[in-house]
Amino acid sequence: MSDTALLSIEHLKKTYGDNVVLEDISLSVKRGEVIVVIGPSGCGKSTFLRCINALEPIQGGTIEVDGKEVTSSEKDLTELRQKVGMVFQSYDLFPHMTVLDNITLAPTKVKKIPKTQAEEAARALLKRVGLTDKEKSYPRELSGGQKQRVAIARAMANDPAIILADEPTGALDSNTGRLVMDIFHELHKKQGKTIILITHNNELAEETERIITIHDGRIVQERDKRTGKQEVQHESV
């Protein structure tokens, strides 16, 4: 794992009008790290991920991915989408597209990869997530676990440097959730992917070496099991 920070966040602030959702969030993530973000519902975890991927504008602080500040310019957003993959709890697959088309959409539109080349790469991704027989299926024909595995394949289609996963097992039964988590473990161990994952499952969180706790829009605790370091950034109330 490189010591270079792939993601650097300094004093991030996110508000909706007078409602402060995130306040003074600072975090550095090295290449190849896996970080789990935990905290009660409504504490700002999902908004935190959406800010990293510029799905939400921020009202203060800075976010840098691979040394480049995240901005709202179209050029910067196109570059960001190639570096950051997002897996949503609700899958967010396009219902009118087949599985194969869902996965090839970004590579062909964003990276301008020829369709035949994108389809070849998509089939390799489907093989990795165990869905080689579903490429012609539509989302409505898939189970929840299958949809989530397609969503992971889609997030990997641009070969991103960082994968953001918002409660990827939240809507799944325990066995299916374990299967999905095994895919993330494989992406980390075999490809060295940097992953930031939100979960309410404490058992899954404990499998990760670095755990961030958010409470009322602030990071209140950071625990690194590799070093035994446990740091309190803000007191929770």
# chains A, B, ... in the order shown; residues from 1 in each chain; ligands from 1

call {"tool": "residues_around", "arguments": {"residues": "stretch 194-209 of chain A", "least_positions_apart": "6", "cutoff": "10 Å", "atoms": "only C-alpha atoms", "output": "ChimeraX atom specification"}}
result
/A:1,6-7,29-41,45-46,48-49,84-87,89,160-170,177-178,181,184-185,187-188,223-228

call {"tool": "select_by_dssp", "arguments": {"residues": "stretch 57-224 of chain A", "states": "strand (DSSP E or B)", "output": "VMD selection string"}}
result
chain A and resid 60 to 65 68 to 69 84 to 87 162 to 166 194 to 198 210 to 215 218 to 224

call {"tool": "residues_around", "arguments": {"residues": "stretch 9-26 of chain A", "least_positions_apart": "2", "cutoff": "7 Å", "atoms": "only C-alpha atoms", "output": "list in words"}}
result
Leu7, Ser28, Gly44, Ile58, Gln59, Gly60, Gly61, Thr62, Ile63, Glu64, Gly217, Arg218 and Ile219 of chain A

call {"tool": "write_last_selection", "arguments": {"atoms": "N, CA, C and O atoms", "output": "short mmCIF file (atom, residue, chain, number, x, y, z; two decimals), in the first residue's frame"}}
result
data_model
loop_
_atom_site.label_atom_id
_atom_site.label_comp_id
_atom_site.auth_asym_id
_atom_site.auth_seq_id
_atom_site.Cartn_x
_atom_site.Cartn_y
_atom_site.Cartn_z
N LEU A 7 -7.17 10.16 -1.44
CA LEU A 7 -8.29 11.04 -1.12
C LEU A 7 -7.91 11.90 0.08
O LEU A 7 -7.47 11.39 1.10
N SER A 28 -7.95 11.59 5.50
CA SER A 28 -6.97 11.24 4.48
C SER A 28 -7.01 9.73 4.26
O SER A 28 -6.96 8.96 5.22
N GLY A 44 -25.33 11.67 8.49
CA GLY A 44 -24.60 12.30 7.39
C GLY A 44 -23.71 11.38 6.60
O GLY A 44 -22.96 11.83 5.73
N ILE A 58 -20.67 21.20 -1.99
CA ILE A 58 -20.27 21.46 -0.61
C ILE A 58 -20.25 22.96 -0.35
O ILE A 58 -20.13 23.76 -1.27
N GLN A 59 -20.38 23.33 0.93
CA GLN A 59 -20.43 24.74 1.30
C GLN A 59 -19.17 25.21 2.02
O GLN A 59 -19.09 26.35 2.46
N GLY A 60 -18.21 24.33 2.16
CA GLY A 60 -16.96 24.72 2.80
C GLY A 60 -15.96 23.59 2.77
O GLY A 60 -16.31 22.43 2.64
N GLY A 61 -14.67 23.95 2.89
CA GLY A 61 -13.61 22.96 2.88
C GLY A 61 -13.25 22.51 1.47
O GLY A 61 -13.71 23.07 0.47
N THR A 62 -12.39 21.49 1.40
CA THR A 62 -11.92 20.99 0.10
C THR A 62 -11.92 19.47 0.08
O THR A 62 -11.77 18.82 1.13
N ILE A 63 -12.09 18.91 -1.12
CA ILE A 63 -11.96 17.48 -1.36
C ILE A 63 -11.01 17.31 -2.53
O ILE A 63 -11.21 17.93 -3.59
N GLU A 64 -9.97 16.51 -2.36
CA GLU A 64 -9.03 16.22 -3.44
C GLU A 64 -9.00 14.72 -3.71
O GLU A 64 -8.89 13.93 -2.77
N GLY A 217 -23.05 14.63 12.01
CA GLY A 217 -22.33 15.32 10.95
C GLY A 217 -20.85 15.52 11.19
O GLY A 217 -20.18 16.21 10.41
N ARG A 218 -20.31 14.93 12.24
CA ARG A 218 -18.87 15.05 12.52
C ARG A 218 -18.24 13.68 12.70
O ARG A 218 -18.90 12.73 13.15
N ILE A 219 -16.97 13.57 12.36
CA ILE A 219 -16.23 12.36 12.70
C ILE A 219 -15.90 12.44 14.19
O ILE A 219 -15.19 13.33 14.63
#

call {"tool": "closest_residue", "arguments": {"among": "A:Gln148, A:Thr78, A:Ser137, A:Thr213", "to": "A:Cys43", "atoms": "only C-alpha atoms"}}
result
A:Thr213

call {"tool": "closest_residue", "arguments": {"among": "A:Tyr138, A:Lys147, A:Arg123, A:Lys193", "to": "A:His96", "atoms": "only C-alpha atoms"}}
result
A:Tyr138

call {"tool": "closest_residue", "arguments": {"among": "A:Asp92, A:Glu69, A:Glu119, A:Asp216", "to": "A:Leu105", "atoms": "only C-alpha atoms"}}
result
A:Glu119

call {"tool": "select_by_dssp", "arguments": {"residues": "stretch 41-231 of chain A", "states": "alpha helix (DSSP H)", "output": "NGL selection string"}}
result
:A and (45-52 or 74-83 or 99-109 or 115-128 or 144-156 or 174-191 or 202-205)

call {"tool": "residues_around", "arguments": {"residues": "A:Glu79", "least_positions_apart": "5", "cutoff": "10 Å", "atoms": "only C-alpha atoms", "output": "PyMOL selection string"}}
result
chain A and resi 68+70+74+84+110-111

call {"tool": "closest_residue", "arguments": {"among": "A:Asn175, A:Tyr91, A:Lys112, A:Asp101", "to": "A:Arg149", "atoms": "only C-alpha atoms"}}
result
A:Tyr91

call {"tool": "atom_distance", "arguments": {"atom1": "atom CA of A:Ala122", "atom2": "atom CA of A:Glu135"}}
result
8.8 Å

call {"tool": "closest_residue", "arguments": {"among": "A:Val180, A:Leu93, A:Ala157, A:Lys189", "to": "A:Leu142", "atoms": "only C-alpha atoms"}}
result
A:Leu93

call {"tool": "residues_around", "arguments": {"residues": "A:Leu125", "least_positions_apart": "5", "cutoff": "9 Å", "atoms": "only C-alpha atoms", "output": "mmCIF file with all heavy atoms, in the first residue's frame"}}
result
data_model
loop_
_atom_site.group_PDB
_atom_site.id
_atom_site.type_symbol
_atom_site.label_atom_id
_atom_site.label_comp_id
_atom_site.auth_asym_id
_atom_site.auth_seq_id
_atom_site.Cartn_x
_atom_site.Cartn_y
_atom_site.Cartn_z
ATOM 1 N N ILE A 103 -23.818 -1.784 -17.727
ATOM 2 C CA ILE A 103 -22.389 -1.792 -17.401
ATOM 3 C C ILE A 103 -21.559 -1.059 -18.450
ATOM 4 O O ILE A 103 -20.567 -0.399 -18.122
ATOM 5 C CB ILE A 103 -21.888 -3.242 -17.237
ATOM 6 C CG1 ILE A 103 -22.621 -3.919 -16.068
ATOM 7 C CG2 ILE A 103 -20.375 -3.287 -16.995
ATOM 8 C CD1 ILE A 103 -22.345 -5.408 -15.955
ATOM 9 N N GLU A 120 -16.789 -6.599 -24.045
ATOM 10 C CA GLU A 120 -15.845 -7.649 -23.646
ATOM 11 C C GLU A 120 -15.415 -7.460 -22.191
ATOM 12 O O GLU A 120 -15.365 -8.416 -21.412
ATOM 13 C CB GLU A 120 -14.623 -7.611 -24.568
ATOM 14 C CG GLU A 120 -13.594 -8.680 -24.263
ATOM 15 C CD GLU A 120 -12.393 -8.627 -25.192
ATOM 16 O OE1 GLU A 120 -12.421 -7.839 -26.161
ATOM 17 O OE2 GLU A 120 -11.422 -9.363 -24.938
ATOM 18 N N GLY A 130 -20.077 -13.423 -10.795
ATOM 19 C CA GLY A 130 -20.888 -14.632 -10.883
ATOM 20 C C GLY A 130 -22.206 -14.478 -11.595
ATOM 21 O O GLY A 130 -23.184 -15.159 -11.258
ATOM 22 N N LEU A 131 -22.250 -13.617 -12.621
ATOM 23 C CA LEU A 131 -23.513 -13.378 -13.332
ATOM 24 C C LEU A 131 -23.338 -13.465 -14.848
ATOM 25 O O LEU A 131 -23.956 -12.699 -15.597
ATOM 26 C CB LEU A 131 -24.074 -11.997 -12.955
ATOM 27 C CG LEU A 131 -24.558 -11.821 -11.517
ATOM 28 C CD1 LEU A 131 -24.954 -10.375 -11.270
ATOM 29 C CD2 LEU A 131 -25.735 -12.753 -11.218
ATOM 30 N N THR A 132 -22.554 -14.405 -15.295
ATOM 31 C CA THR A 132 -22.291 -14.509 -16.732
ATOM 32 C C THR A 132 -23.551 -14.816 -17.537
ATOM 33 O O THR A 132 -23.625 -14.508 -18.730
ATOM 34 C CB THR A 132 -21.245 -15.603 -17.015
ATOM 35 O OG1 THR A 132 -21.671 -16.833 -16.390
ATOM 36 C CG2 THR A 132 -19.888 -15.217 -16.467
ATOM 37 N N VAL A 150 -24.563 -6.558 -10.048
ATOM 38 C CA VAL A 150 -24.488 -5.795 -11.309
ATOM 39 C C VAL A 150 -24.028 -4.367 -11.020
ATOM 40 O O VAL A 150 -23.203 -3.809 -11.754
ATOM 41 C CB VAL A 150 -25.850 -5.781 -12.030
ATOM 42 C CG1 VAL A 150 -25.808 -4.836 -13.232
ATOM 43 C CG2 VAL A 150 -26.230 -7.180 -12.479
ATOM 44 N N ILE A 152 -22.116 -3.358 -8.646
ATOM 45 C CA ILE A 152 -20.681 -3.387 -8.379
ATOM 46 C C ILE A 152 -19.908 -3.499 -9.693
ATOM 47 O O ILE A 152 -18.907 -2.796 -9.908
ATOM 48 C CB ILE A 152 -20.320 -4.552 -7.442
ATOM 49 C CG1 ILE A 152 -20.929 -4.329 -6.052
ATOM 50 C CG2 ILE A 152 -18.799 -4.706 -7.326
ATOM 51 C CD1 ILE A 152 -20.806 -5.518 -5.129
ATOM 52 N N ALA A 153 -20.364 -4.367 -10.592
ATOM 53 C CA ALA A 153 -19.715 -4.499 -11.893
ATOM 54 C C ALA A 153 -19.758 -3.178 -12.651
ATOM 55 O O ALA A 153 -18.775 -2.774 -13.282
ATOM 56 C CB ALA A 153 -20.386 -5.605 -12.707
ATOM 57 N N ARG A 154 -20.895 -2.493 -12.589
ATOM 58 C CA ARG A 154 -21.013 -1.196 -13.262
ATOM 59 C C ARG A 154 -20.035 -0.180 -12.661
ATOM 60 O O ARG A 154 -19.400 0.592 -13.390
ATOM 61 C CB ARG A 154 -22.445 -0.674 -13.156
ATOM 62 C CG ARG A 154 -22.661 0.647 -13.877
ATOM 63 C CD ARG A 154 -24.065 1.172 -13.697
ATOM 64 N NE ARG A 154 -24.390 1.405 -12.291
ATOM 65 C CZ ARG A 154 -25.559 1.861 -11.868
ATOM 66 N NH1 ARG A 154 -26.526 2.106 -12.732
ATOM 67 N NH2 ARG A 154 -25.773 2.054 -10.583
ATOM 68 N N MET A 156 -17.245 -0.782 -11.386
ATOM 69 C CA MET A 156 -15.883 -1.169 -11.761
ATOM 70 C C MET A 156 -15.590 -0.949 -13.237
ATOM 71 O O MET A 156 -14.440 -1.068 -13.667
ATOM 72 C CB MET A 156 -15.670 -2.654 -11.426
ATOM 73 C CG MET A 156 -15.574 -2.949 -9.954
ATOM 74 S SD MET A 156 -14.122 -2.170 -9.224
ATOM 75 C CE MET A 156 -12.825 -2.957 -10.169
ATOM 76 N N ALA A 157 -16.609 -0.626 -14.021
ATOM 77 C CA ALA A 157 -16.455 -0.599 -15.480
ATOM 78 C C ALA A 157 -15.415 0.413 -15.952
ATOM 79 O O ALA A 157 -14.755 0.201 -16.977
ATOM 80 C CB ALA A 157 -17.800 -0.316 -16.144
#
